[in-house]
$ cat model-v7.txt   # compact mmCIF, C-alpha atoms and all ligand atoms
# COMPACT_ATOMS: atom_id res chain seq x y z
CA THR A 1 -20.47 -28.41 28.21
CA GLY A 2 -16.84 -27.61 28.98
CA PRO A 3 -15.36 -25.80 31.96
CA LEU A 4 -16.30 -22.18 32.65
CA LEU A 5 -12.70 -21.06 32.16
CA ARG A 6 -10.10 -22.94 30.19
CA VAL A 7 -6.56 -21.64 29.90
CA GLN A 8 -4.69 -23.60 27.27
CA ASP A 9 -0.94 -23.51 26.74
CA LEU A 10 -0.76 -19.80 27.56
CA SER A 11 2.56 -18.01 27.15
CA VAL A 12 3.09 -14.34 27.95
CA SER A 13 6.27 -12.30 27.64
CA PHE A 14 7.26 -8.92 29.06
CA ALA A 15 9.64 -6.32 27.69
CA THR A 16 12.26 -5.19 30.19
CA GLY A 17 15.28 -2.89 29.93
CA SER A 18 17.41 -5.94 29.23
CA GLY A 19 15.23 -7.80 26.77
CA ARG A 20 12.02 -9.84 26.82
CA LEU A 21 11.33 -12.32 29.55
CA ARG A 22 8.86 -15.18 29.56
CA ALA A 23 6.52 -14.47 32.51
CA VAL A 24 4.09 -17.29 31.70
CA ASP A 25 5.28 -20.36 29.84
CA GLY A 26 2.82 -22.93 28.50
CA VAL A 27 0.30 -22.73 31.35
CA SER A 28 -2.89 -24.81 31.11
CA PHE A 29 -5.71 -25.22 33.61
CA ASP A 30 -9.50 -25.38 33.84
CA VAL A 31 -11.90 -23.84 36.30
CA GLY A 32 -15.33 -25.44 36.48
CA ALA A 33 -18.54 -23.54 37.22
CA GLY A 34 -18.86 -23.10 40.97
CA GLU A 35 -15.39 -24.41 41.65
CA THR A 36 -12.83 -22.75 43.97
CA VAL A 37 -9.29 -22.98 42.66
CA ALA A 38 -6.17 -21.68 44.41
CA VAL A 39 -3.27 -20.54 42.23
CA LEU A 40 -0.21 -20.60 44.43
CA GLY A 41 3.31 -19.35 43.99
CA GLU A 42 5.91 -16.85 45.07
CA SER A 43 5.99 -13.42 43.49
CA GLY A 44 7.29 -13.68 39.94
CA SER A 45 5.78 -17.14 39.46
CA GLY A 46 3.42 -15.80 36.78
CA LYS A 47 0.19 -16.18 38.74
CA SER A 48 -0.82 -12.50 38.59
CA VAL A 49 0.19 -12.15 34.95
CA THR A 50 -2.00 -15.16 34.12
CA ALA A 51 -4.95 -13.50 35.86
CA GLN A 52 -4.32 -10.15 34.18
CA THR A 53 -4.25 -11.86 30.81
CA VAL A 54 -7.59 -13.55 31.48
CA MET A 55 -9.08 -10.19 32.50
CA GLY A 56 -7.70 -8.42 29.42
CA LEU A 57 -5.60 -6.27 31.77
CA LEU A 58 -2.16 -7.17 30.47
CA PRO A 59 -0.24 -3.88 30.22
CA ARG A 60 0.55 -3.15 26.55
CA PRO A 61 2.81 -2.99 24.71
CA ALA A 62 5.21 -4.30 27.39
CA GLY A 63 3.13 -7.44 27.86
CA ARG A 64 2.63 -9.71 24.87
CA ILE A 65 0.65 -12.92 24.47
CA GLU A 66 3.04 -15.32 22.73
CA GLY A 67 0.60 -18.17 22.37
CA GLY A 68 -2.28 -20.13 23.79
CA ARG A 69 -5.99 -19.74 24.22
CA ILE A 70 -8.32 -18.55 26.95
CA PHE A 71 -11.86 -19.89 26.72
CA PHE A 72 -14.60 -18.35 28.83
CA ASP A 73 -17.83 -20.26 28.50
CA GLY A 74 -16.50 -21.83 25.31
CA VAL A 75 -15.54 -18.54 23.62
CA ASP A 76 -11.84 -17.91 22.92
CA LEU A 77 -11.23 -14.47 24.43
CA LEU A 78 -7.93 -14.08 22.61
CA ASP A 79 -9.82 -14.39 19.33
CA ARG A 80 -12.12 -11.53 20.19
CA PRO A 81 -11.48 -7.81 20.30
CA ASP A 82 -10.50 -6.36 23.68
CA SER A 83 -13.92 -4.74 23.83
CA TYR A 84 -15.48 -8.21 24.16
CA THR A 85 -13.39 -9.04 27.23
CA ARG A 86 -13.96 -5.59 28.69
CA ALA A 87 -17.72 -6.09 28.39
CA LEU A 88 -17.44 -9.38 30.28
CA CYS A 89 -15.28 -7.87 32.99
CA GLY A 90 -17.26 -6.57 35.88
CA THR A 91 -20.36 -8.41 34.70
CA GLU A 92 -19.54 -12.07 33.99
CA ILE A 93 -16.00 -11.99 35.36
CA ALA A 94 -14.94 -9.81 38.27
CA MET A 95 -11.64 -9.21 39.96
CA ILE A 96 -10.68 -8.41 43.55
CA PHE A 97 -7.25 -6.88 44.10
CA GLN A 98 -4.83 -6.90 46.99
CA ASP A 99 -5.02 -3.23 47.82
CA PRO A 100 -8.55 -1.82 47.92
CA LEU A 101 -7.26 1.71 48.54
CA SER A 102 -5.63 1.86 45.13
CA SER A 103 -8.58 0.19 43.40
CA LEU A 104 -11.27 2.35 44.98
CA ASN A 105 -11.63 5.95 43.88
CA PRO A 106 -10.95 8.17 46.92
CA VAL A 107 -13.25 10.98 45.76
CA PHE A 108 -16.40 8.93 45.29
CA ARG A 109 -18.70 7.58 47.98
CA VAL A 110 -18.48 3.80 48.33
CA GLY A 111 -22.18 3.37 47.53
CA THR A 112 -21.71 5.21 44.26
CA GLN A 113 -18.80 2.92 43.36
CA ILE A 114 -20.64 -0.26 44.28
CA GLY A 115 -23.68 0.80 42.25
CA GLU A 116 -21.73 2.18 39.29
CA MET A 117 -21.68 -0.98 37.15
CA LEU A 118 -25.41 -1.38 37.57
CA ARG A 119 -25.99 2.18 36.44
CA ARG A 120 -23.56 1.96 33.53
CA ARG A 121 -24.39 -1.52 32.26
CA ARG A 122 -28.04 -1.88 33.18
CA GLY A 123 -29.05 1.77 33.14
CA VAL A 124 -30.76 1.61 36.53
CA SER A 125 -31.62 4.83 38.35
CA ARG A 126 -29.33 6.46 40.89
CA ARG A 127 -31.78 5.64 43.69
CA LYS A 128 -32.06 1.96 42.71
CA ALA A 129 -28.27 1.66 42.38
CA ARG A 130 -27.86 3.13 45.87
CA GLU A 131 -30.41 0.64 47.27
CA HIS A 132 -28.52 -2.17 45.59
CA ALA A 133 -25.26 -0.88 47.10
CA VAL A 134 -26.79 -0.96 50.60
CA GLU A 135 -27.99 -4.52 49.98
CA MET A 136 -24.54 -5.58 48.74
CA MET A 137 -22.83 -3.94 51.74
CA HIS A 138 -25.17 -5.87 53.99
CA ARG A 139 -24.33 -9.12 52.16
CA VAL A 140 -20.60 -8.63 52.68
CA GLY A 141 -21.04 -7.97 56.38
CA ILE A 142 -20.55 -4.20 56.63
CA PRO A 143 -22.48 -3.09 59.74
CA ALA A 144 -25.19 -0.42 59.36
CA PRO A 145 -24.81 -0.22 55.58
CA HIS A 146 -27.56 2.39 55.19
CA LYS A 147 -25.41 4.71 57.33
CA ARG A 148 -22.11 3.84 55.62
CA VAL A 149 -23.23 3.90 51.99
CA ASP A 150 -22.41 7.61 51.59
CA ASP A 151 -19.00 7.38 53.28
CA TYR A 152 -15.72 7.64 51.40
CA PRO A 153 -13.14 4.81 51.16
CA HIS A 154 -10.74 6.45 53.68
CA GLN A 155 -13.47 6.29 56.33
CA PHE A 156 -13.27 2.48 56.34
CA SER A 157 -10.72 0.17 57.93
CA GLY A 158 -8.58 -2.03 55.66
CA GLY A 159 -10.81 -5.06 56.22
CA MET A 160 -14.01 -3.07 55.63
CA ARG A 161 -12.53 -1.57 52.46
CA GLN A 162 -11.82 -5.07 51.19
CA ARG A 163 -15.49 -5.89 51.91
CA VAL A 164 -16.45 -2.85 49.81
CA MET A 165 -14.26 -4.21 46.98
CA ILE A 166 -15.96 -7.59 47.27
CA ALA A 167 -19.38 -5.92 47.19
CA MET A 168 -18.32 -4.10 44.01
CA ALA A 169 -17.01 -7.28 42.43
CA LEU A 170 -20.21 -9.21 43.20
CA SER A 171 -22.61 -6.39 42.33
CA MET A 172 -23.36 -7.81 38.87
CA ASN A 173 -23.58 -11.40 40.05
CA PRO A 174 -20.55 -12.63 38.05
CA ARG A 175 -19.97 -16.29 37.20
CA LEU A 176 -16.24 -16.06 37.81
CA VAL A 177 -14.41 -14.05 40.48
CA ILE A 178 -10.62 -13.79 40.41
CA ALA A 179 -9.10 -12.58 43.67
CA ASP A 180 -5.40 -11.64 43.51
CA GLU A 181 -3.87 -11.76 47.00
CA PRO A 182 -7.17 -10.54 48.47
CA THR A 183 -5.99 -10.68 52.08
CA THR A 184 -2.26 -10.00 51.85
CA ALA A 185 -2.53 -6.36 52.93
CA LEU A 186 -4.64 -7.25 56.00
CA ASP A 187 -3.69 -8.40 59.46
CA VAL A 188 -4.03 -12.08 60.29
CA THR A 189 -7.43 -12.11 62.04
CA VAL A 190 -8.98 -9.93 59.34
CA GLN A 191 -7.43 -12.20 56.66
CA ALA A 192 -9.34 -15.15 58.07
CA GLN A 193 -12.59 -13.17 58.20
CA ILE A 194 -12.28 -12.04 54.58
CA MET A 195 -11.40 -15.54 53.39
CA SER A 196 -14.39 -17.06 55.16
CA LEU A 197 -16.61 -14.30 53.75
CA LEU A 198 -15.40 -15.19 50.23
CA ALA A 199 -16.04 -18.87 50.92
CA ASP A 200 -19.57 -18.13 52.22
CA LEU A 201 -20.39 -15.91 49.24
CA GLN A 202 -19.02 -18.55 46.88
CA ARG A 203 -21.35 -21.13 48.42
CA GLU A 204 -24.36 -18.81 48.37
CA GLU A 205 -23.82 -17.44 44.87
CA GLY A 206 -22.34 -20.55 43.29
CA MET A 207 -19.79 -18.54 41.31
CA ALA A 208 -16.39 -19.96 40.40
CA LEU A 209 -13.62 -18.47 42.50
CA VAL A 210 -9.93 -18.28 41.63
CA LEU A 211 -7.78 -17.37 44.62
CA ILE A 212 -4.29 -16.20 43.72
CA THR A 213 -1.94 -16.25 46.68
CA HIS A 214 1.56 -16.96 47.90
CA ASP A 215 0.10 -18.18 51.18
CA LEU A 216 -1.32 -21.69 51.19
CA GLY A 217 -2.45 -21.24 54.79
CA VAL A 218 -5.18 -18.78 53.86
CA VAL A 219 -6.74 -20.98 51.15
CA ALA A 220 -6.18 -24.54 52.37
CA ASP A 221 -9.65 -24.83 53.92
CA VAL A 222 -11.45 -22.97 51.17
CA ALA A 223 -10.20 -24.18 47.78
CA ASP A 224 -11.19 -27.40 45.99
CA ARG A 225 -8.12 -27.51 43.81
CA ALA A 226 -4.61 -26.12 43.86
CA ILE A 227 -2.39 -25.03 40.97
CA LEU A 228 1.21 -24.37 41.97
CA MET A 229 3.29 -22.14 39.74
CA TYR A 230 7.03 -21.62 39.61
CA ALA A 231 8.97 -19.42 37.19
CA GLY A 232 6.00 -19.11 34.84
CA ARG A 233 5.05 -22.79 34.74
CA VAL A 234 2.59 -25.07 36.48
CA VAL A 235 4.70 -27.43 38.60
CA GLU A 236 1.97 -29.29 40.48
CA THR A 237 -1.81 -29.44 40.41
CA GLY A 238 -4.56 -31.49 42.00
CA PRO A 239 -7.32 -31.57 44.61
CA ILE A 240 -6.03 -29.35 47.41
CA ARG A 241 -6.17 -32.03 50.15
CA GLU A 242 -4.35 -34.46 47.89
CA VAL A 243 -1.58 -31.99 47.06
CA TYR A 244 -1.40 -30.90 50.68
CA ASP A 245 -1.10 -34.41 52.09
CA HIS A 246 0.93 -35.95 49.24
CA GLY A 247 3.04 -33.17 47.79
CA ALA A 248 4.86 -34.57 44.76
CA HIS A 249 7.01 -31.57 43.90
CA PRO A 250 9.73 -30.23 46.23
CA TYR A 251 8.54 -26.67 45.68
CA SER A 252 4.98 -27.44 46.82
CA VAL A 253 6.21 -29.49 49.74
CA GLY A 254 8.29 -26.47 50.73
CA LEU A 255 5.32 -24.10 50.42
CA MET A 256 3.15 -26.43 52.51
CA GLY A 257 5.96 -26.90 55.01
CA SER A 258 6.13 -23.17 55.55
CA LEU A 259 2.64 -23.34 57.08
CA PRO A 260 2.68 -22.59 60.80
CA THR A 261 0.64 -25.77 61.38
CA GLY A 262 2.91 -27.84 59.13
CA ASP A 263 4.54 -30.98 60.41
CA GLN A 264 8.10 -29.82 60.96
CA ASP A 265 9.60 -33.27 60.21
CA ARG A 266 8.38 -33.21 56.67
CA LEU A 267 9.59 -29.74 56.03
CA THR A 268 11.89 -29.12 53.10
CA PRO A 269 12.25 -25.38 53.50
CA ILE A 270 12.57 -23.38 50.30
CA THR A 271 15.87 -21.61 50.54
CA GLY A 272 17.14 -19.17 47.96
CA ALA A 273 15.23 -16.72 45.82
CA PRO A 274 13.00 -17.21 42.78
CA PRO A 275 15.07 -17.22 39.57
CA ASP A 276 15.69 -14.28 37.28
CA LEU A 277 13.20 -14.89 34.47
CA ARG A 278 15.64 -13.40 31.96
CA GLN A 279 18.18 -16.07 32.80
CA LEU A 280 16.26 -19.16 33.78
CA PRO A 281 18.31 -22.12 35.00
CA THR A 282 18.62 -24.91 32.44
CA GLY A 283 16.52 -28.05 32.79
CA CYS A 284 14.16 -27.74 35.76
CA SER A 285 14.16 -24.06 36.77
CA PHE A 286 13.84 -25.11 40.41
CA HIS A 287 17.08 -27.09 40.44
CA PRO A 288 19.33 -24.50 42.15
CA ARG A 289 16.98 -24.54 45.16
CA CYS A 290 16.10 -28.21 45.16
CA ALA A 291 17.36 -30.76 47.68
CA PHE A 292 16.41 -33.59 45.28
CA ALA A 293 18.19 -32.26 42.19
CA THR A 294 20.37 -34.59 40.11
CA ASP A 295 22.29 -34.13 36.85
CA ARG A 296 19.17 -34.96 34.88
CA CYS A 297 17.37 -32.01 36.53
CA ARG A 298 20.05 -29.64 35.29
CA THR A 299 19.54 -30.63 31.65
CA ASP A 300 15.99 -31.98 31.14
CA GLU A 301 12.95 -29.86 31.75
CA PRO A 302 10.34 -32.03 33.50
CA ALA A 303 6.87 -32.24 31.91
CA LEU A 304 3.64 -32.36 33.91
CA ARG A 305 2.65 -36.02 34.51
CA VAL A 306 0.37 -37.94 36.85
CA ALA A 307 2.01 -38.13 40.28
CA PRO A 308 3.26 -41.68 40.82
CA ASP A 309 0.60 -43.92 42.42
CA ARG A 310 -1.65 -40.94 43.00
CA PRO A 311 -5.08 -40.13 41.50
CA GLN A 312 -5.21 -39.08 37.84
CA ALA A 313 -6.08 -35.47 38.76
CA HIS A 314 -2.85 -35.05 40.70
CA ARG A 315 -0.05 -34.01 38.38
CA THR A 316 3.51 -32.93 38.98
CA ALA A 317 6.44 -31.69 36.91
CA CYS A 318 9.30 -33.34 38.76
CA HIS A 319 11.72 -36.06 37.63
CA HIS A 320 12.02 -37.37 41.16
CA ALA A 321 8.41 -37.25 42.32
CA GLU A 322 8.70 -40.85 43.60
CA GLU A 323 11.40 -39.85 46.07
CA VAL A 324 9.63 -36.62 47.01
CA LEU A 325 6.45 -38.57 47.82
CA ALA A 326 8.36 -41.20 49.79
CA ASP A 327 10.19 -38.47 51.71
CA GLY A 328 6.88 -36.87 52.68
CA PHE A 329 5.88 -40.01 54.62
CA ARG A 330 9.17 -40.33 56.44
FE1 LIG A 401 13.97 -30.88 42.00
FE2 LIG A 401 14.70 -32.21 39.84
FE3 LIG A 401 12.19 -32.32 40.66
FE4 LIG A 401 13.17 -30.10 39.57
S1 LIG A 401 12.90 -32.06 38.55
S2 LIG A 401 11.93 -30.22 41.37
S3 LIG A 401 15.25 -30.11 40.35
S4 LIG A 401 13.98 -33.08 41.74
MG MG A 402 1.20 -10.71 42.30

$ encode --input "model-v7.txt" --output "structure tokens" --more "lines below"
Ligand code: SF4
Ligand code: MG
Amino acid sequence: TGPLLRVQDLSVSFATGSGRLRAVDGVSFDVGAGETVAVLGESGSGKSVTAQTVMGLLPRPAGRIEGGRIFFDGVDLLDRPDSYTRALCGTEIAMIFQDPLSSLNPVFRVGTQIGEMLRRRRGVSRRKAREHAVEMMHRVGIPAPHKRVDDYPHQFSGGMRQRVMIAMALSMNPRLVIADEPTTALDVTVQAQIMSLLADLQREEGMALVLITHDLGVVADVADRAILMYAGRVVETGPIREVYDHGAHPYSVGLMGSLPTGDQDRLTPITGAPPDLRQLPTGCSFHPRCAFATDRCRTDEPALRVAPDRPQAHRTACHHAEEVLADGFR
């Protein structure tokens, strides 16, 4: 049997006032059953668009799939009608968003929202759905759930609202959960609590978890694997410890270096802004920001290859990965 999720050579474009831009460009990755994968990158790197495409949430007609395949459990979702993906979403695949306030309906009680999928998809009674909601609220660590189940979203703190979102996402016992910046809107201590809750639930439920974030610090201890994206492409991927300790792409080394606990000597800070996707730099799109860039980088686009002298699973798209690796051990 193959991986639970396989994204193969996916390309997605977006219409803008000044023409189409390529938001995702030839992205491939797998997520195994029960695996936790972090997708890392700055905003505009294509990580959210990739997730939206998997979930069938790409805004149309602005967003367009230009090519590629998305297999869930061996079935190519892009081959099926949208109704097929919609039926999977919420049941087999669930998503957690950054801002629970905009994803929760302010006029419905949280218990009603947590139990809604169960009522709609499984036809369970209102009373049973409410009991299930209380149980889910308990599982995600909301104190006194039987008292809070009839409260409205605004009556919860930001962290508790995110727990409500997680309870909703897990209510149907999905096999894959995609969390897009799940802790970005929260303060630092609450971020850590939510991330460890997700890790605990992942272990207990055994679901696959995709964590999309710009912040390596919040996922470093939780994820098995990292996928780093830049300007719509995968630039480095591998087991998270491996990529963390032996970064083989200047962009990843920069992201890791921006960790508060990072070793300052190894830091190659990322200066400059992400590129305009309508006018990508030639060659390696990272070259204007890269301390290692040479003439070759300005003309040849680097392909993903095994990082030099590193395990097979560790791959990088950098012409000068040898030097980047050597520099990391300085
Ligand atoms: Fe830097 Fe060149 Fe590597 Fe791109 S290919 S990251 S510009 S060294
Ligand atoms: Mg985003």

$ atom_distance --input "model-v7.txt" --atom1 "CA of Asp76 in chain A" --atom2 "CA of Val234 in chain A"
21.1 Å

$ closest_residue --input "model-v7.txt" --among "A:Leu228, A:Ala313, A:Arg289, A:Tyr152" --to "Gly41 in chain A" --atoms "only C-alpha atoms"
A:Leu228

$ atom_distance --input "model-v7.txt" --atom1 "CA of Ala94 in chain A" --atom2 "CA of Leu170 in chain A"
7.2 Å

$ closest_residue --input "model-v7.txt" --among "A:Gln113, A:Thr183, A:Thr1, A:Gln162" --to "Val149 in chain A" --atoms "all atoms listed in the file"
A:Gln113

$ closest_atom_pairs --input "model-v7.txt" --of "chain A" --to "ligand MG 402 (chain A)" --cutoff "12 Å" --atoms "all atoms listed in the file" --output "CSV"
residue,atom,partner,partner_atom,distance
A:Ala23,CA,A:MG402,MG,11.8
A:Val39,CA,A:MG402,MG,10.8
A:Leu40,CA,A:MG402,MG,10.2
A:Gly41,CA,A:MG402,MG,9.1
A:Glu42,CA,A:MG402,MG,8.2
A:Ser43,CA,A:MG402,MG,5.6
A:Gly44,CA,A:MG402,MG,7.2
A:Ser45,CA,A:MG402,MG,8.4
A:Gly46,CA,A:MG402,MG,7.8
A:Lys47,CA,A:MG402,MG,6.6
A:Ser48,CA,A:MG402,MG,4.6
A:Val49,CA,A:MG402,MG,7.6
A:Thr50,CA,A:MG402,MG,9.8
A:Ala51,CA,A:MG402,MG,9.3
A:Gln52,CA,A:MG402,MG,9.8
A:Phe97,CA,A:MG402,MG,9.5
A:Gln98,CA,A:MG402,MG,8.5
A:Asp99,CA,A:MG402,MG,11.2
A:Ala179,CA,A:MG402,MG,10.6
A:Asp180,CA,A:MG402,MG,6.8
A:Glu181,CA,A:MG402,MG,7.0
A:Pro182,CA,A:MG402,MG,10.4
A:Thr184,CA,A:MG402,MG,10.2
A:Leu211,CA,A:MG402,MG,11.4
A:Ile212,CA,A:MG402,MG,7.9
A:Thr213,CA,A:MG402,MG,7.7
A:His214,CA,A:MG402,MG,8.4
A:Asp215,CA,A:MG402,MG,11.7
A:Met229,CA,A:MG402,MG,11.9

$ closest_atom_pairs --input "model-v7.txt" --of "chain A" --to "ligand LIG 401 (chain A)" --cutoff "10 Å" --atoms "all atoms listed in the file" --output "tab-separated table"
residue	atom	partner	partner_atom	distance
A:Val235	CA	A:LIG401	S2	8.2
A:Ala248	CA	A:LIG401	FE3	8.7
A:His249	CA	A:LIG401	S2	5.7
A:Pro250	CA	A:LIG401	S2	5.3
A:Tyr251	CA	A:LIG401	S2	6.5
A:Ser252	CA	A:LIG401	S2	9.3
A:Gly283	CA	A:LIG401	FE4	7.8
A:Cys284	CA	A:LIG401	FE4	4.6
A:Ser285	CA	A:LIG401	FE4	6.7
A:Phe286	CA	A:LIG401	FE4	5.1
A:His287	CA	A:LIG401	S3	3.5
A:Pro288	CA	A:LIG401	S3	7.2
A:Arg289	CA	A:LIG401	S3	7.6
A:Cys290	CA	A:LIG401	FE1	4.7
A:Ala291	CA	A:LIG401	FE1	6.6
A:Phe292	CA	A:LIG401	S4	4.3
A:Ala293	CA	A:LIG401	S3	4.1
A:Thr294	CA	A:LIG401	FE2	6.2
A:Asp295	CA	A:LIG401	FE2	8.4
A:Arg296	CA	A:LIG401	FE2	7.2
A:Cys297	CA	A:LIG401	FE2	4.3
A:Arg298	CA	A:LIG401	S3	7.0
A:Thr299	CA	A:LIG401	FE2	9.6
A:Asp300	CA	A:LIG401	S1	8.0
A:Glu301	CA	A:LIG401	S1	7.1
A:Pro302	CA	A:LIG401	S1	5.7
A:Ala303	CA	A:LIG401	S1	9.0
A:Thr316	CA	A:LIG401	FE3	8.9
A:Ala317	CA	A:LIG401	S1	6.7
A:Cys318	CA	A:LIG401	FE3	3.6
A:His319	CA	A:LIG401	S1	4.3
A:His320	CA	A:LIG401	S4	4.8
A:Ala321	CA	A:LIG401	FE3	6.4
A:Glu322	CA	A:LIG401	S4	9.6
A:Glu323	CA	A:LIG401	S4	8.4
A:Val324	CA	A:LIG401	S4	7.7

$ build_atoms --input "model-v7.txt" --residues "range 190-207 of chain A" --atoms "N, CA and C atoms" --output "PDB file, keeping the file's coordinate frame"
ATOM      1  N   VAL A 190      -8.107 -10.460  60.393  1.00  0.00           N
ATOM      2  CA  VAL A 190      -8.980  -9.930  59.340  1.00  0.00           C
ATOM      3  C   VAL A 190      -8.853 -10.789  58.076  1.00  0.00           C
ATOM      4  N   GLN A 191      -7.641 -11.280  57.801  1.00  0.00           N
ATOM      5  CA  GLN A 191      -7.430 -12.200  56.660  1.00  0.00           C
ATOM      6  C   GLN A 191      -8.401 -13.362  56.722  1.00  0.00           C
ATOM      7  N   ALA A 192      -8.472 -13.980  57.900  1.00  0.00           N
ATOM      8  CA  ALA A 192      -9.340 -15.150  58.070  1.00  0.00           C
ATOM      9  C   ALA A 192     -10.805 -14.779  57.863  1.00  0.00           C
ATOM     10  N   GLN A 193     -11.196 -13.606  58.356  1.00  0.00           N
ATOM     11  CA  GLN A 193     -12.590 -13.170  58.200  1.00  0.00           C
ATOM     12  C   GLN A 193     -12.931 -12.952  56.724  1.00  0.00           C
ATOM     13  N   ILE A 194     -12.017 -12.321  55.996  1.00  0.00           N
ATOM     14  CA  ILE A 194     -12.280 -12.040  54.580  1.00  0.00           C
ATOM     15  C   ILE A 194     -12.328 -13.346  53.795  1.00  0.00           C
ATOM     16  N   MET A 195     -11.414 -14.273  54.117  1.00  0.00           N
ATOM     17  CA  MET A 195     -11.400 -15.540  53.390  1.00  0.00           C
ATOM     18  C   MET A 195     -12.678 -16.324  53.666  1.00  0.00           C
ATOM     19  N   SER A 196     -13.162 -16.299  54.901  1.00  0.00           N
ATOM     20  CA  SER A 196     -14.390 -17.060  55.160  1.00  0.00           C
ATOM     21  C   SER A 196     -15.596 -16.357  54.550  1.00  0.00           C
ATOM     22  N   LEU A 197     -15.540 -15.020  54.467  1.00  0.00           N
ATOM     23  CA  LEU A 197     -16.610 -14.300  53.750  1.00  0.00           C
ATOM     24  C   LEU A 197     -16.633 -14.731  52.271  1.00  0.00           C
ATOM     25  N   LEU A 198     -15.457 -14.782  51.644  1.00  0.00           N
ATOM     26  CA  LEU A 198     -15.400 -15.190  50.230  1.00  0.00           C
ATOM     27  C   LEU A 198     -15.931 -16.610  50.061  1.00  0.00           C
ATOM     28  N   ALA A 199     -15.558 -17.484  51.001  1.00  0.00           N
ATOM     29  CA  ALA A 199     -16.040 -18.870  50.920  1.00  0.00           C
ATOM     30  C   ALA A 199     -17.560 -18.925  51.071  1.00  0.00           C
ATOM     31  N   ASP A 200     -18.114 -18.160  52.020  1.00  0.00           N
ATOM     32  CA  ASP A 200     -19.570 -18.130  52.220  1.00  0.00           C
ATOM     33  C   ASP A 200     -20.282 -17.613  50.974  1.00  0.00           C
ATOM     34  N   LEU A 201     -19.756 -16.504  50.426  1.00  0.00           N
ATOM     35  CA  LEU A 201     -20.390 -15.910  49.240  1.00  0.00           C
ATOM     36  C   LEU A 201     -20.311 -16.872  48.070  1.00  0.00           C
ATOM     37  N   GLN A 202     -19.166 -17.567  47.962  1.00  0.00           N
ATOM     38  CA  GLN A 202     -19.020 -18.550  46.880  1.00  0.00           C
ATOM     39  C   GLN A 202     -20.109 -19.605  47.003  1.00  0.00           C
ATOM     40  N   ARG A 203     -20.333 -20.102  48.207  1.00  0.00           N
ATOM     41  CA  ARG A 203     -21.350 -21.130  48.420  1.00  0.00           C
ATOM     42  C   ARG A 203     -22.747 -20.608  48.113  1.00  0.00           C
ATOM     43  N   GLU A 204     -23.025 -19.372  48.575  1.00  0.00           N
ATOM     44  CA  GLU A 204     -24.360 -18.810  48.370  1.00  0.00           C
ATOM     45  C   GLU A 204     -24.624 -18.482  46.909  1.00  0.00           C
ATOM     46  N   GLU A 205     -23.608 -17.916  46.235  1.00  0.00           N
ATOM     47  CA  GLU A 205     -23.820 -17.440  44.870  1.00  0.00           C
ATOM     48  C   GLU A 205     -23.500 -18.507  43.830  1.00  0.00           C
ATOM     49  N   GLY A 206     -22.697 -19.482  44.218  1.00  0.00           N
ATOM     50  CA  GLY A 206     -22.340 -20.550  43.290  1.00  0.00           C
ATOM     51  C   GLY A 206     -21.385 -20.138  42.186  1.00  0.00           C
ATOM     52  N   MET A 207     -20.729 -18.965  42.352  1.00  0.00           N
ATOM     53  CA  MET A 207     -19.790 -18.540  41.310  1.00  0.00           C
ATOM     54  C   MET A 207     -18.502 -19.346  41.423  1.00  0.00           C
TER      55      MET A 207
END
